[in-house]
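Below is one structure, written out as structure tokens, with a few remarks after it.
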Amino acid sequence: MTNLEYITHPFFAIVFVIILQHRTLNKKTNKMAFEQDKYILKVEGLAVNYGAVEAVKNVGFDVLQGEIFGLLGPNGAGKTSTLSAIEGLVKFKTGSIVLNGFDVLQQPLQAKASMGVQLQSTSFQAELNVTQILQLFSGIYGVPLSVDGVKTVLKEINLEDAGQKKFSQLSGGQQQRLSLVIATIHNPRLVLLDEPTTGLDPQSRRQLWERIEAIKARGHAVLLTTHSMEEAEAVCDRIAIIDHGRVIAIDTPQGMIDKHRDDPEVVAVSRRGKITLEDVFIGLTGKAVRD
Amino acid sequence: MENNNVSIPKTSTALAALFRADIATMVSNRRSVIITLVVPIMILISWKDIAQKLGGAYALSTAIGIGLMSIGLMGYSLAIARDRDKGIFQRLRVAPLPSWAIMVSRIAIQLAMISILNLAIFIVGYQVDKVTLTGSGYVAAFFVSFLGGAVYLSMGQLIVGLVKNPETVNATVRLVYFLFIMIGMFGELGLLGNYVKEGIHWTPYGSVKLMIAASMNPATWNKDATTALLLSLGYIVVFAGIGINKFRWSPK
């Protein structure tokens with residue numbers, strides 16, 4: 001056989017095609033792995049409707065690994081609807097949500113296992129005590145806790161004496177600490193917090209910020225919604241401002257201030273000359289009070 | 001996008017955790033459990049003469065039927081309406097477990113309650129009214145009562161499917177409970193006229209009672225009992241079908 005005959009032989013042709021396909025696949029997989037490494041959550045073209053009401057319109061953003069990302073917006077802007085779509089609590093009309101590489105519609109259980117959630121108004125069965133609540137959720141997330149395990153967890157959040165108390169008997173700060181530890185009990189890749197510091201006193205709020213930063217330090221990403229500009233500036237690496245169901249700006253808190261400090265709407269609402277994130281927020285979303 | 005490894009908890013592990021929590025809730029609510037048992041037992045005790053006149057099966061099936069009504073309407077639907085209103089279901093739904101598992105655990109608790117009810121009625125019936133059944137009668141009545149329980153559970157599901165406000169659910173189930181007891185019991189005894197007496201057999205109350213009474217003496221199972229059984233199945237399919245279809249996990 002000549003060299004040319006070797007190359008054109010069907011066997012070698014098949015081997016060649018297989019090698020080529022393998023190389024292309026590897027390239028593709030590496031690209032996917034790169035994207036995967038970069039983003040823990042990717043939301044594209046999201047639209048959520050409640051009957052005729054369009055709550056979320058074409059929303060898109062990414063949350064990077066190990067990042068604290070804040071969703072800011074006035075009341076009724078679409079923050080909670082966006083979060084609910086990610087959590088699988090509402091069906092979205094169009095768009096896609098990929099969490100930890102899992103499409104939330106195609107692989108909901110894998111997506112849910114990759115996230116930890118603290119809802120806006122967390123409530124647990126009134127009849128259960130703190131120990132029973134922890135054992136319930138640790139069981140649901142597949143990380144069952146023994147009585148000693150529960151004690152260790154409660155000690156970590158300074159609730160070692162509250163094991164037999166009902167959830168309603170805890171203070172606001174204690175309830176938030178318990179909710180947060182339940183949200184992270186299975187070591188999720190992304191933690192979703194819906195207005196986590198609402199109603200907390202300054203001490204409890206600071207403590208919660210430290211706990212959120214500790215989640216980030218462990219390599220997890222956090223997506224939170226908040227009305228507090230102070231909170232957004234204090235803990236968020238990047239923020240998105242959402243209004244009337246659309247994302248109107250995404251940047252770092254300082255980047256957003258720098259970008260909009262000369263906007264006439266922002267300057268007009270500034271109270272003490274120095275432009276703050278709140279000035280930018282009100283400048284972009286308007287002064288009208290939302291219900 | 002490539003997936004990162006993630007372990008989904010076994011449904012059996014999650015179900016066990018839910019079931020343990022629901023048992024703890026039931027134990028904590030023992031007062032309402034006792035009330036569920038007290039009403040049919042009181043009827044059984046106060047009906048001592050009626051049991052002698054109309055037969056043990058009549059008295060036992062009436063008591064079981066009323067107990068099943070309490071479990072399905074009061075126990076199940078009120079708990080579902082309350083937990084939905086408080087957002088407890090939403091918190092469970094963001095966890096990696098299928099939604100049906102949440103309901104399976106709730107229904108399993110109600111089935112356990114039906115077992116307790118049956119045992120209590122059989123024991124009190126024997127102790128107070130000296131009512132005894134054959135072995136096959138006890139077994140058949142025990143299992144048929146689960147079917148009767150399913151009629152009332154599906155009716156409870158229908159109510160929480162159609163009504164979202166927990167206060168309205170509360171008022172609705174009490175009204176249905178009261179109507180069923182008043183019209184069912186008095187109508188069956190002929191106190192509301194022959195028309196009602198005949199028609200009552202084919203209502204959920206009447207068909208459940210007829211079916212349970214017939215199962216207590218399997219040898220006398222007749223065409224009416226079969227019709228009642230088929231009707232009960234029909235009620236379950238219709239009530240549960242609409243109730244599940246219309247059910248929303250959130251009150252909003």
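Residues are named by chain letter and number: chains run A, B, ... in the order of the structure tokens, numbers start at 1 in each chain, and ligands are numbered from 1 in the order shown.
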Under the rule of at most 8 Å, produce a per-residue listing of chain A near chain B: chain, number, name, the closest pair of atoms, and the distance in Å, as JSON lines, using only C-alpha atoms.
```
{"residue": "A:Thr29", "atom": "CA", "partner": "B:Glu2", "partner_atom": "CA", "distance": 7.2}
{"residue": "A:Met32", "atom": "CA", "partner": "B:Met1", "partner_atom": "CA", "distance": 4.9}
{"residue": "A:Ala33", "atom": "CA", "partner": "B:Glu2", "partner_atom": "CA", "distance": 5.9}
{"residue": "A:Glu35", "atom": "CA", "partner": "B:Met1", "partner_atom": "CA", "distance": 7.0}
{"residue": "A:Gln36", "atom": "CA", "partner": "B:Met1", "partner_atom": "CA", "distance": 6.2}
{"residue": "A:Glu87", "atom": "CA", "partner": "B:Val94", "partner_atom": "CA", "distance": 5.8}
{"residue": "A:Gly88", "atom": "CA", "partner": "B:Val94", "partner_atom": "CA", "distance": 6.8}
{"residue": "A:Leu89", "atom": "CA", "partner": "B:Val94", "partner_atom": "CA", "distance": 7.0}
{"residue": "A:Asn100", "atom": "CA", "partner": "B:Asn4", "partner_atom": "CA", "distance": 6.1}
{"residue": "A:Gly101", "atom": "CA", "partner": "B:Asn3", "partner_atom": "CA", "distance": 4.2}
{"residue": "A:Phe102", "atom": "CA", "partner": "B:Asn3", "partner_atom": "CA", "distance": 6.1}
{"residue": "A:Pro108", "atom": "CA", "partner": "B:Pro96", "partner_atom": "CA", "distance": 7.7}
{"residue": "A:Leu109", "atom": "CA", "partner": "B:Pro96", "partner_atom": "CA", "distance": 4.8}
{"residue": "A:Gln110", "atom": "CA", "partner": "B:Ile8", "partner_atom": "CA", "distance": 6.3}
{"residue": "A:Ala111", "atom": "CA", "partner": "B:Pro96", "partner_atom": "CA", "distance": 7.9}
{"residue": "A:Lys112", "atom": "CA", "partner": "B:Pro96", "partner_atom": "CA", "distance": 4.9}
{"residue": "A:Ala113", "atom": "CA", "partner": "B:Pro96", "partner_atom": "CA", "distance": 5.2}
{"residue": "A:Ser114", "atom": "CA", "partner": "B:Val6", "partner_atom": "CA", "distance": 6.6}
{"residue": "A:Val117", "atom": "CA", "partner": "B:Val94", "partner_atom": "CA", "distance": 6.9}
{"residue": "A:Leu119", "atom": "CA", "partner": "B:Arg91", "partner_atom": "CA", "distance": 7.1}
{"residue": "A:Ser121", "atom": "CA", "partner": "B:Gly87", "partner_atom": "CA", "distance": 7.5}
{"residue": "A:Thr122", "atom": "CA", "partner": "B:Gly87", "partner_atom": "CA", "distance": 7.0}
{"residue": "A:Ser123", "atom": "CA", "partner": "B:Ile88", "partner_atom": "CA", "distance": 5.6}
{"residue": "A:Phe124", "atom": "CA", "partner": "B:Ile88", "partner_atom": "CA", "distance": 5.6}
{"residue": "A:Gln125", "atom": "CA", "partner": "B:Ile88", "partner_atom": "CA", "distance": 6.7}
{"residue": "A:Glu127", "atom": "CA", "partner": "B:Thr25", "partner_atom": "CA", "distance": 5.4}
{"residue": "A:Leu128", "atom": "CA", "partner": "B:Thr25", "partner_atom": "CA", "distance": 6.4}
{"residue": "A:Gln132", "atom": "CA", "partner": "B:Ala21", "partner_atom": "CA", "distance": 6.9}
{"residue": "A:Ile133", "atom": "CA", "partner": "B:Ala21", "partner_atom": "CA", "distance": 7.8}
{"residue": "A:Gln135", "atom": "CA", "partner": "B:Ala17", "partner_atom": "CA", "distance": 7.3}
{"residue": "A:Leu136", "atom": "CA", "partner": "B:Ala17", "partner_atom": "CA", "distance": 5.1}
{"residue": "A:Phe137", "atom": "CA", "partner": "B:Ala17", "partner_atom": "CA", "distance": 7.6}
{"residue": "A:Gly139", "atom": "CA", "partner": "B:Ala17", "partner_atom": "CA", "distance": 5.1}
{"residue": "A:Ile140", "atom": "CA", "partner": "B:Ala14", "partner_atom": "CA", "distance": 4.1}
{"residue": "A:Tyr141", "atom": "CA", "partner": "B:Pro9", "partner_atom": "CA", "distance": 5.8}
{"residue": "A:Gly142", "atom": "CA", "partner": "B:Pro9", "partner_atom": "CA", "distance": 4.5}
```
Write down as a VMD selection string the residues of range 82-252 of chain A whose backbone DSSP state falls under helix (DSSP H, G or I). chain A and resid 82 to 87 108 to 113 130 to 140 147 to 156 167 to 169 172 to 183 202 to 217 229 to 235
For a test of reading the model, state the distance in Å between CA of Gly206 in chain B and CA of Ala225 in chain B, rounded to one decimal.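 Atom-to-atom, CA of Gly206 in chain B to CA of Ala225 in chain B, that is 10.7 Å.
Between CA of Arg271 in chain A and CA of Gly199 in chain A lies a distance of 25.2 Å.
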Among the residues of range 53-229 of chain A, find those DSSP assigns to strand (DSSP E) from the backbone and print them as a ChimeraX atom specification. /A:53-64,68-72,94-99,102-103,115-118,190-194,221-226
Any chance you can output those residues with C-alpha atoms as a JSON list (two decimals), in the first residue's frame?
```
[["chain", "number", "residue", "atom", "x", "y", "z"],
["A", 53, "VAL", "CA", -49.75, 41.82, 34.18],
["A", 54, "GLU", "CA", -46.17, 41.67, 32.90],
["A", 55, "ALA", "CA", -44.14, 41.57, 36.12],
["A", 56, "VAL", "CA", -40.77, 40.81, 34.51],
["A", 57, "LYS", "CA", -39.84, 41.75, 30.93],
["A", 58, "ASN", "CA", -36.72, 40.49, 29.19],
["A", 59, "VAL", "CA", -34.52, 40.42, 32.29],
["A", 60, "GLY", "CA", -30.98, 39.13, 31.89],
["A", 61, "PHE", "CA", -27.96, 39.01, 34.20],
["A", 62, "ASP", "CA", -25.21, 36.68, 35.38],
["A", 63, "VAL", "CA", -23.96, 35.90, 38.84],
["A", 64, "LEU", "CA", -20.29, 34.96, 38.99],
["A", 68, "ILE", "CA", -22.41, 38.79, 46.05],
["A", 69, "PHE", "CA", -24.88, 40.17, 43.54],
["A", 70, "GLY", "CA", -27.64, 42.56, 44.58],
["A", 71, "LEU", "CA", -30.99, 43.11, 42.88],
["A", 72, "LEU", "CA", -32.29, 46.56, 43.72],
["A", 94, "THR", "CA", -40.09, 33.15, 28.08],
["A", 95, "GLY", "CA", -36.36, 33.12, 28.68],
["A", 96, "SER", "CA", -33.92, 30.72, 30.26],
["A", 97, "ILE", "CA", -32.36, 30.27, 33.67],
["A", 98, "VAL", "CA", -29.28, 28.09, 34.08],
["A", 99, "LEU", "CA", -28.03, 27.51, 37.61],
["A", 102, "PHE", "CA", -28.65, 23.04, 35.21],
["A", 103, "ASP", "CA", -31.62, 24.44, 33.34],
["A", 115, "MET", "CA", -29.23, 26.61, 45.62],
["A", 116, "GLY", "CA", -30.10, 27.64, 49.13],
["A", 117, "VAL", "CA", -33.07, 29.91, 49.63],
["A", 118, "GLN", "CA", -34.24, 32.35, 52.24],
["A", 190, "LEU", "CA", -25.68, 29.83, 45.16],
["A", 191, "VAL", "CA", -27.61, 31.35, 48.06],
["A", 192, "LEU", "CA", -30.72, 33.39, 47.26],
["A", 193, "LEU", "CA", -31.76, 35.90, 49.92],
["A", 194, "ASP", "CA", -34.94, 37.91, 49.47],
["A", 221, "ALA", "CA", -22.20, 33.04, 45.35],
["A", 222, "VAL", "CA", -25.02, 35.09, 46.85],
["A", 223, "LEU", "CA", -27.92, 36.73, 45.04],
["A", 224, "LEU", "CA", -29.88, 39.06, 47.28],
["A", 225, "THR", "CA", -32.64, 41.58, 46.88],
["A", 226, "THR", "CA", -32.70, 44.65, 49.04]]
```
Restricting the calculation to only C-alpha atoms, which member of A:Lys38, A:Arg177, A:Lys287, A:Lys151 is positioned closest to Arg206 in chain A?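 Going through A:Lys38, A:Arg177, A:Lys287, A:Lys151 one by one, the smallest distance to Arg206 in chain A is for A:Arg177.
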